[in-house]
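Before any comments, here is the structure.
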Amino acid sequence: MEGPRGRQLLITLMADYWLARDAVVPSGAVVELMDDMGVSSSGTRTLLSRLTREGRLQSVKEGRRTFYALSQQAFTRLSTGFETIRRFGVDEAHAPDAPWLILMFSIPEEQRALRQQLRRGLAWLGFSPLYDGVWITPRPVEQQAIGLCRKLGVESASIATGSIEAIGRSHGRPTDAWDLPLTQGLYQAFAGHLASPLERLSAGAMAADEALRLRTEIMNIWRGFPKFDPGLPERELPAGWPRAAARTAFAGLYDGAAKLAGDHVREVVARHSPAHLDHVAERLIDPDRRRAG
């Protein structure tokens with residue numbers, strides 16, 4: 001498995017247990033841990049080599065042995081990204097009555113490539129199109145949007161903040177820019193998928209390698225939700241919006257399985273390099289709650 005899923009699993013594994021400056025992991029330990037997630041030894045070694053060439057990982061030699069660490073660029077990006085994901089579903093960046101950010105642009109048909117670049121960049125910032133050349137977001141990312149337009153050389157664009165009132169008969173509410181039924185179904189399916197693992201975890205019936213695999217996989221799923229719901233304000237959403245329930249299930253399993261998975265990671269690292277055990281540190285979504293418990 002050298003495709004997108006394998007890449008995501010490997011990066012998430014590194015970020016979950018070695019997201020610290022100067023933290024390194026023996027290559028053999030990475031191979032063994034990835035095998036727990038269904039990735040072959042040869043597939044993992046190919047991914048390590050490829051991600052190193054791309055600048056996402058860096059290899060470190062200690063004598064004849066090879067260790068891996070997140071590159072400085074990846075460390076910065078993943079640290080920032082994790083903090084965003086950690087707070088998603090709890091205290092979105094907008095206040096309950098915060099205005100919408102509205103970007104309006106016009107790009108000629110012959111500049112189709114530029115249009116696609118702008119759309120991709122706006123989607124990454126949490127924008128979605130209410131109309132073809134009118135993109136909106138609840139996030140306070142005005143400066144990033146301005147910077148993106150200037151970087152790409154967009155010639156006709158305006159930005160504004162304010163309320164959005166629907167006057168159309170079937171379209172025009174700000175949340176019409178997102179597929180709410182799809183997002184609602186995804187949240188509900190995700191929470192439902194976690195119900196059985198949470199029961200096994202609570203009953204003490206979860207194996208250590210399963211804890212590792214589940215934590216890695218559900219992080220990869222959860223971090224994708226802001227693409228469908230960039231922190232949409234509850235005032236604009238249907239009653240009982242399942243974002244909070246999905247986050248509770250996610251945090252419960254991710255944090256609840258942390259010690260079990262972390263102990264397994266340390267056990268594997270110890271077989272390859274006991275001197276590097278203190279480099280392992282599992283991340284938590286709700287560290288304050290964990291300490292209080």
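Ligands are numbered from 1 in the order shown, chains are lettered A, B, ... in the order of the structure tokens, and residues start at 1 in each chain.
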Contacts between segment 164-188 of chain A and segment 205-290 of chain A, please, where a residue of segment 205-290 of chain A counts if it comes within 10 Å (with only C-alpha atoms); show its shortest atom pair and distance in Å to one decimal, rows by chain and ascending number, as a Markdown table.
| residue | atom | partner | partner_atom | distance |
| --- | --- | --- | --- | --- |
| A:Trp222 | CA | A:Tyr187 | CA | 9.3 |
| A:Phe225 | CA | A:Thr183 | CA | 8.1 |
| A:Pro226 | CA | A:Thr183 | CA | 9.9 |
| A:Lys227 | CA | A:Trp178 | CA | 9.5 |
| A:Phe228 | CA | A:Thr183 | CA | 6.0 |
| A:Asp229 | CA | A:Thr183 | CA | 7.0 |
| A:Pro230 | CA | A:Trp178 | CA | 9.5 |
| A:Leu232 | CA | A:Thr175 | CA | 7.7 |
| A:Pro233 | CA | A:Thr175 | CA | 9.2 |
| A:Glu236 | CA | A:Thr175 | CA | 6.7 |
| A:Leu237 | CA | A:Thr175 | CA | 7.6 |
| A:Pro238 | CA | A:Leu180 | CA | 8.8 |
| A:Gly240 | CA | A:Gln184 | CA | 9.8 |
| A:Trp241 | CA | A:Gln184 | CA | 7.0 |
| A:Pro242 | CA | A:Tyr187 | CA | 6.1 |
| A:Arg243 | CA | A:Tyr187 | CA | 6.3 |
| A:Ala244 | CA | A:Tyr187 | CA | 9.2 |
| A:Ala245 | CA | A:Tyr187 | CA | 8.2 |
| A:Ala246 | CA | A:Tyr187 | CA | 5.7 |
| A:Arg247 | CA | A:Tyr187 | CA | 8.8 |
Close residues, segment 45-62 of chain A itself excluded, 8 Å, only C-alpha atoms, min 3 positions apart in chain, as a ChimeraX atom specification:
/A:2,6-7,10,24,31,41-42,65-71,73-74
Distance query segment 138-152 of chain A at most 9 Å, only C-alpha atoms, self and fewer than 2 positions along chain excluded, as JSON, numbers by chain:
{"A": [92, 93, 94, 98, 99, 100, 101, 102, 103, 114, 117, 118, 121, 122, 125, 126, 127, 136, 154, 155, 157, 158, 159, 160, 161, 230, 231, 232, 233]}
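The two atoms in question, atom CA of Thr12 of chain A and atom CA of Glu83 of chain A, are spaced 14.1 Å apart.
Across the structure, atom CA of Gly252 of chain A and atom CA of Thr80 of chain A are spaced 21.8 Å apart.
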I'd like the interatomic distance between atom CA of Gly89 of chain A and atom CA of Tyr254 of chain A, to a tenth of an Å.
14.8 Å
Please return, as a PyMOL selection string, all residues of segment 61-258 of chain A that DSSP assigns to helix (DSSP H, G or I) on the basis of the backbone.
chain A and resi 72-87+109-125+142-152+174-177+180-202+208-222+225-227+234-236+243-256+258
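Minimum distance to Val90 of chain A across A:Val39, A:Glu234, A:Leu277, A:Leu260 (counting only C-alpha atoms) occurs at A:Glu234.
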Counting only C-alpha atoms, what is within 10 Å of segment 266-268 of chain A, bar same-chain residues fewer than 3 positions away, as an NGL selection string?
:A and (17 or 26 or 28-30 or 32-33 or 261-263 or 271-274 or 276-281)
Nearest residue to Ala251 of chain A out of A:Arg120, A:Arg200, A:Arg64, A:Arg215, using only C-alpha atoms?
A:Arg215
